[in-house]
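J.: File follows, my_file.cif with mmCIF, C-alpha atoms:
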data_upload
loop_
_atom_site.label_atom_id
_atom_site.label_comp_id
_atom_site.auth_asym_id
_atom_site.auth_seq_id
_atom_site.Cartn_x
_atom_site.Cartn_y
_atom_site.Cartn_z
CA MET A 19 76.16 109.19 90.02
CA THR A 20 78.36 109.16 86.95
CA GLU A 21 78.31 106.49 84.26
CA GLU A 22 80.68 103.77 85.44
CA PRO A 23 82.83 101.71 83.08
CA ARG A 24 81.76 98.09 83.07
CA PRO A 25 83.94 95.70 85.05
CA ALA A 26 87.04 94.59 83.16
CA GLY A 27 86.63 90.94 84.17
CA HIS A 28 83.90 88.45 83.31
CA LEU A 29 80.92 88.34 85.68
CA SER A 30 78.24 85.68 85.82
CA PRO A 31 74.69 86.76 84.90
CA LEU A 32 73.76 86.68 88.59
CA ALA A 33 76.72 88.83 89.65
CA THR A 34 75.97 91.23 86.78
CA LEU A 35 72.42 91.69 88.08
CA VAL A 36 73.74 92.47 91.56
CA ASP A 37 76.13 95.01 90.03
CA GLU A 38 73.19 96.64 88.25
CA VAL A 39 71.31 96.93 91.56
CA LEU A 40 74.44 98.45 93.09
CA ALA A 41 74.55 101.00 90.26
CA GLY A 42 70.92 101.84 90.96
CA VAL A 43 71.72 102.84 94.54
CA GLY A 44 74.97 104.67 93.78
CA TYR A 45 77.15 101.65 94.64
CA GLU A 46 76.26 102.05 98.32
CA MET A 47 76.98 98.49 99.41
CA ALA A 48 74.87 98.43 102.59
CA ALA A 49 71.84 99.90 100.82
CA ALA A 50 72.12 97.35 98.01
CA THR A 51 72.54 94.30 100.24
CA ASP A 52 69.66 95.44 102.48
CA ILE A 53 67.16 95.82 99.64
CA ILE A 54 68.28 92.53 98.06
CA ASP A 55 67.89 90.71 101.37
CA ASP A 56 64.42 92.23 101.79
CA ALA A 57 63.42 91.20 98.25
CA VAL A 58 64.39 87.54 98.71
CA PRO A 59 61.39 85.56 99.97
CA GLY A 60 61.37 84.08 103.44
CA TYR A 61 64.40 84.44 105.62
CA GLY A 62 66.98 84.11 102.85
CA GLY A 63 69.29 86.77 101.50
CA LEU A 64 72.07 87.58 99.08
CA PHE A 65 74.65 85.33 100.74
CA ASP A 66 72.35 82.90 102.53
CA PRO A 67 73.20 79.33 101.43
CA ALA A 68 69.50 78.50 101.64
CA THR A 69 68.68 81.03 98.90
CA THR A 70 68.58 79.36 95.49
CA SER A 71 69.94 81.01 92.36
CA GLY A 72 66.41 81.14 90.98
CA GLU A 73 65.07 82.94 94.06
CA LEU A 74 67.90 85.43 93.97
CA ARG A 75 67.52 86.09 90.26
CA ARG A 76 63.77 86.71 90.62
CA ALA A 77 64.41 89.10 93.49
CA LEU A 78 67.03 90.98 91.47
CA ASP A 79 64.80 91.16 88.39
CA ASP A 80 61.97 92.55 90.54
CA LEU A 81 64.27 95.19 92.03
CA LEU A 82 65.60 96.24 88.63
CA SER A 83 62.06 96.62 87.31
CA SER A 84 61.24 98.93 90.23
CA GLU A 85 62.43 102.47 90.83
CA LEU A 86 65.69 102.21 92.76
CA THR A 87 66.70 105.32 94.68
CA HIS A 88 70.04 106.53 95.94
CA PRO A 89 70.57 107.10 99.65
CA PRO A 90 70.71 110.79 100.61
CA VAL A 91 74.03 112.55 100.01
CA LEU A 92 75.53 113.37 103.40
CA ALA A 93 76.88 116.87 104.00
CA PRO A 94 80.66 117.20 104.46
CA THR A 95 82.35 119.63 106.84
CA ASP A 96 83.98 121.51 103.92
CA ASP A 97 85.43 120.89 100.45
CA SER A 98 88.34 118.73 101.64
CA PHE A 99 87.98 114.95 101.43
CA ILE A 100 89.70 111.66 102.19
CA LEU A 101 89.19 108.64 99.97
CA TYR A 102 90.13 105.13 101.06
CA VAL A 103 90.25 102.54 98.26
CA ASP A 104 91.06 98.85 98.09
CA GLY A 105 90.80 95.90 95.73
CA SER A 106 90.47 92.24 96.61
CA SER A 107 91.09 89.14 94.50
CA ARG A 108 90.85 85.60 95.83
CA GLY A 109 93.49 83.53 94.12
CA ASN A 110 94.84 86.50 92.13
CA PRO A 111 93.38 85.95 89.61
CA GLY A 112 90.05 84.93 91.05
CA PRO A 113 86.76 86.47 92.16
CA ALA A 114 87.58 90.15 92.65
CA GLY A 115 85.86 93.16 94.16
CA ALA A 116 86.49 96.87 94.65
CA GLY A 117 85.74 99.05 97.66
CA ALA A 118 85.92 102.76 98.44
CA VAL A 119 85.04 104.93 101.43
CA ILE A 120 84.53 108.68 101.06
CA MET A 121 85.21 110.77 104.18
CA ASP A 122 85.23 114.46 104.94
CA ALA A 123 88.20 116.26 106.48
CA GLU A 124 87.13 115.23 109.99
CA GLU A 125 87.00 111.57 108.83
CA ASN A 126 83.23 111.29 109.03
CA GLN A 127 82.17 108.55 106.62
CA LEU A 128 80.01 109.94 103.81
CA ALA A 129 79.76 106.92 101.52
CA ARG A 130 80.72 103.23 101.62
CA LEU A 131 80.94 101.94 98.07
CA GLY A 132 81.63 98.58 96.49
CA ARG A 133 81.14 96.45 93.41
CA PRO A 134 82.24 93.14 91.87
CA VAL A 135 85.01 93.33 89.29
CA GLY A 136 85.36 89.89 87.73
CA SER A 137 85.17 86.18 88.40
CA ARG A 138 88.79 85.61 87.37
CA THR A 139 90.51 88.96 87.80
CA GLY A 140 93.81 90.07 89.28
CA ASN A 141 94.23 92.26 92.34
CA ASN A 142 95.84 95.14 90.41
CA THR A 143 92.79 95.47 88.19
CA ALA A 144 90.55 95.51 91.26
CA GLU A 145 92.68 98.32 92.73
CA TYR A 146 92.18 100.45 89.60
CA VAL A 147 88.43 99.82 89.69
CA ALA A 148 88.30 100.80 93.38
CA LEU A 149 90.03 104.13 92.75
CA GLN A 150 87.90 104.88 89.70
CA LEU A 151 84.71 104.02 91.61
CA GLY A 152 85.56 106.20 94.58
CA LEU A 153 86.67 109.17 92.49
CA SER A 154 83.70 109.11 90.14
CA GLU A 155 81.21 109.01 93.00
CA LEU A 156 83.12 111.70 94.90
CA VAL A 157 83.15 114.22 92.04
CA SER A 158 79.54 113.48 91.08
CA ARG A 159 78.27 114.12 94.62
CA TYR A 160 80.56 116.92 95.78
CA GLU A 161 82.86 119.67 94.52
CA PRO A 162 86.17 118.68 96.13
CA HIS A 163 88.95 121.25 96.29
CA SER A 164 91.37 119.07 98.22
CA LEU A 165 91.66 115.28 98.29
CA GLU A 166 93.88 112.75 100.03
CA VAL A 167 93.67 109.26 98.54
CA ARG A 168 94.72 106.51 100.94
CA ILE A 169 95.74 103.45 98.95
CA ASP A 170 98.03 100.43 99.32
CA SER A 171 98.68 99.67 95.63
CA MET A 172 102.07 100.93 94.46
CA THR A 173 101.16 99.80 90.94
CA VAL A 174 98.29 102.29 90.82
CA ILE A 175 100.30 104.98 92.61
CA ARG A 176 103.10 104.77 90.03
CA ASP A 177 100.58 105.07 87.20
CA VAL A 178 98.40 107.85 88.60
CA TRP A 179 100.88 110.00 90.50
CA GLY A 180 104.19 108.81 89.03
CA GLY A 181 103.30 109.34 85.40
CA ASN A 182 103.91 105.73 84.35
CA ASP A 183 101.82 104.07 81.68
CA PRO A 184 99.57 101.32 83.05
CA THR A 185 101.36 97.97 83.17
CA GLU A 186 98.22 95.96 83.97
CA PRO A 187 96.43 94.72 80.82
CA GLY A 188 92.87 95.91 80.36
CA VAL A 189 92.84 98.83 82.81
CA GLU A 190 93.23 101.64 80.29
CA THR A 191 89.57 102.67 80.53
CA TYR A 192 89.80 102.91 84.30
CA SER A 193 93.13 104.75 84.16
CA GLU A 194 91.67 107.34 81.79
CA ALA A 195 88.59 107.79 83.99
CA ILE A 196 90.82 108.24 87.05
CA ALA A 197 92.87 110.92 85.29
CA ALA A 198 89.71 112.73 84.17
CA ALA A 199 88.24 112.72 87.68
CA LEU A 200 91.46 113.94 89.30
CA SER A 201 91.75 116.75 86.76
CA SER A 202 88.66 118.31 88.36
CA VAL A 203 90.23 118.32 91.85
CA PRO A 204 92.62 121.29 92.25
CA ASN A 205 94.70 119.70 95.01
CA HIS A 206 95.13 115.96 95.35
CA ARG A 207 97.75 113.67 96.83
CA TYR A 208 98.12 110.09 97.94
CA THR A 209 99.13 108.39 101.16
CA HIS A 210 100.54 104.90 100.74
CA LEU A 211 99.04 102.46 103.22
CA ALA A 212 101.15 99.65 104.61
CA ASP A 213 99.57 96.21 104.86
CA CYS A 214 99.19 96.70 108.61
CA ASP A 215 97.36 100.04 108.27
CA PRO A 216 93.60 99.95 108.75
CA ASN A 217 91.59 100.43 105.56
CA PRO A 218 87.79 100.65 105.84
CA ALA A 219 87.49 99.94 102.10
CA ASP A 220 88.90 96.44 102.57
CA ALA A 221 85.67 94.91 103.85
CA LEU A 222 83.71 96.44 100.97
CA ALA A 223 86.15 95.00 98.43
CA THR A 224 85.74 91.60 100.10
CA VAL A 225 81.96 91.77 99.70
CA GLY A 226 82.49 92.76 96.07
CA ALA A 227 84.60 89.62 95.62
CA ASP A 228 81.85 87.56 97.28
CA ILE A 229 79.41 88.93 94.68
CA ALA A 230 81.86 88.19 91.85
CA ALA A 231 81.98 84.58 93.04
CA LEU A 232 78.22 84.08 92.65
CA GLY A 233 77.26 81.30 90.25
CA PRO A 234 75.65 81.69 86.83
CA GLY A 235 72.07 82.17 88.01
#
Output the file's structure as structure tokens, nothing else.
T.:
Amino acid sequence: MTEEPRPAGHLSPLATLVDEVLAGVGYEMAAATDIIDDAVPGYGGLFDPATTSGELRRALDDLLSSELTHPPVLAPTDDSFILYVDGSSRGNPGPAGAGAVIMDAEENQLARLGRPVGSRTGNNTAEYVALQLGLSELVSRYEPHSLEVRIDSMTVIRDVWGGNDPTEPGVETYSEAIAAALSSVPNHRYTHLADCDPNPADALATVGADIAALGPG
């Protein structure tokens, strides 16, 4: 896993702890939510209304003091990849999350990634974070020669592939990280997704927004 830029938007202390657990497992959303649910006492869990902020914080602190491990890196069919990315913001601005799904050329899912972005963050920022997250994890785990990015944000497309300067305030760090990651991929292109096109990263971005909405803790 590469060193990820911190989220551009403000996160509560509780959401920040969840993001740190996510980082510890390579931003694999299912792995993170499973170990958090297991660490919460009783039958509670990360999103269980019966779980108090105190219980969740203690569970997160215990996890962060332990040795978190990344799930095994799955083998791709070759050095060609597909990356789905999506950002989600409730209220735009509002609680925002980022999601990314790495696939091989035969569309076998290799990684399902997500993270919170901010408690009052716009959708465009979340889209940048999603692309940066997916690319950084892709190039740290594999050596891609060819990449198709499937994305619905024309704002990000115009910046990354159209040569425009970022128009969204506060995304420069992510834009620079995206450019650096893509520079290591010899062949890359994008496919613009329409709103009606399926995007497996959407659900991960939604969970990221749920995490961003967590209270102070």
J.: Quick one: apply the PyMOL selection byres ((chain A and resi 226) around 6) to the file and drop the selected residues here as a list in words.
T.: Gly115, Ala116, Gly132, Arg133, Pro134, Ala223, Thr224, Val225, Ala227, Asp228 and Ile229 of chain A
J.: For Pro216 of chain A, which residue among A:Trp179, A:Tyr146, A:Tyr192, A:Tyr102 is the nearest when counting all atoms listed in the file?
T.: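 The answer is A:Tyr102, which sits nearest to Pro216 of chain A.
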J.: When you count only C-alpha atoms, which of these residues is closest to Ser98 of chain A: A:His163, A:Arg168, A:Arg207, A:His28?
T.: A:His163
J.: Identify, on the basis of all atoms listed in the file, every residue whose closest approach to segment 108-111 of chain A does not exceed 8 Å; exclude the query and any residue fewer than 4 positions from it along the same chain; express the result as a VMD selection string.
T.: chain A and resid 138 to 141 227
J.: Evaluate the PyMOL selection byres ((chain A and resi 63-68) around 10) here and jot the selected residues down as JSON, numbers by chain.
T.: {"A": [36, 50, 51, 52, 53, 54, 55, 56, 57, 58, 59, 60, 61, 62, 69, 70, 71, 73, 74, 77, 78, 225, 228, 229, 232]}
J.: Using the chain letters and numbers from the file, give me the residues hit by the PyMOL selection byres ((chain A and resi 129) around 12), as a VMD selection string.
T.: chain A and resid 43 to 49 88 to 94 99 to 103 117 to 122 125 to 128 130 to 132 151 to 153 155 to 156 159 to 160 218 to 219 222
J.: Kindly give the distance, in Å, that separates atom CA of Val135 of chain A and atom CA of Leu165 of chain A, rounded to a single decimal.
T.: 24.6 Å
J.: Extending 3 Å beyond the listed atoms of segment 189-195 of chain A on each side, what axis-aligned box results? I want centre and edge lengths in Å to one decimal, as AutoDock Vina command-line options.
T.:
--center_x 90.9 --center_y 103.3 --center_z 82.3 --size_x 10.6 --size_y 15.0 --size_z 10.0
J.: From the set A:Gly72, A:Gly180, A:Leu86, A:Glu161, which residue has the shortest atom-to-atom contact distance to Ala41 of chain A, counting all atoms listed in the file?
T.: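 Selected residue with least distance to Ala41 of chain A: A:Leu86.
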J.: Between A:Asn142, A:Ser137, A:Thr34, A:Ser107, single out the one closest to Pro187 of chain A, counting all atoms listed in the file.
T.: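 Looking only at the distances to Pro187 of chain A, the closest residue turns out to be A:Asn142.
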J.: Between atom CA of Asp79 of chain A and atom CA of Val147 of chain A, what is the distance, to one decimal in Å?
T.: 25.2 Å
J.: Of the residues A:Val167, A:His206, A:Thr143, A:Ser158, which is the one nearest to Pro184 of chain A, using only C-alpha atoms?
T.: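 Checking each candidate against Pro184 of chain A, we get A:Thr143 as the closest.
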J.: In Å to one decimal, how far is atom CA of Pro234 of chain A from atom CA of Glu145 of chain A?
T.: 24.5 Å
J.: Might you pull out every residue within 12 Å of Thr185 of chain A, with all atoms listed in the file counted and same-chain residues fewer than 5 positions away left off, and present them as a PyMOL selection string?
T.: chain A and resi 142-143+146+172-178+190+193
J.: Given the choices A:Leu81, A:Ala231, A:Leu149, A:Val189, which gets closest to Glu38 of chain A if the distance is worked out from all atoms listed in the file?
T.: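 Among the listed residues, the smallest separation from Glu38 of chain A belongs to A:Leu81.
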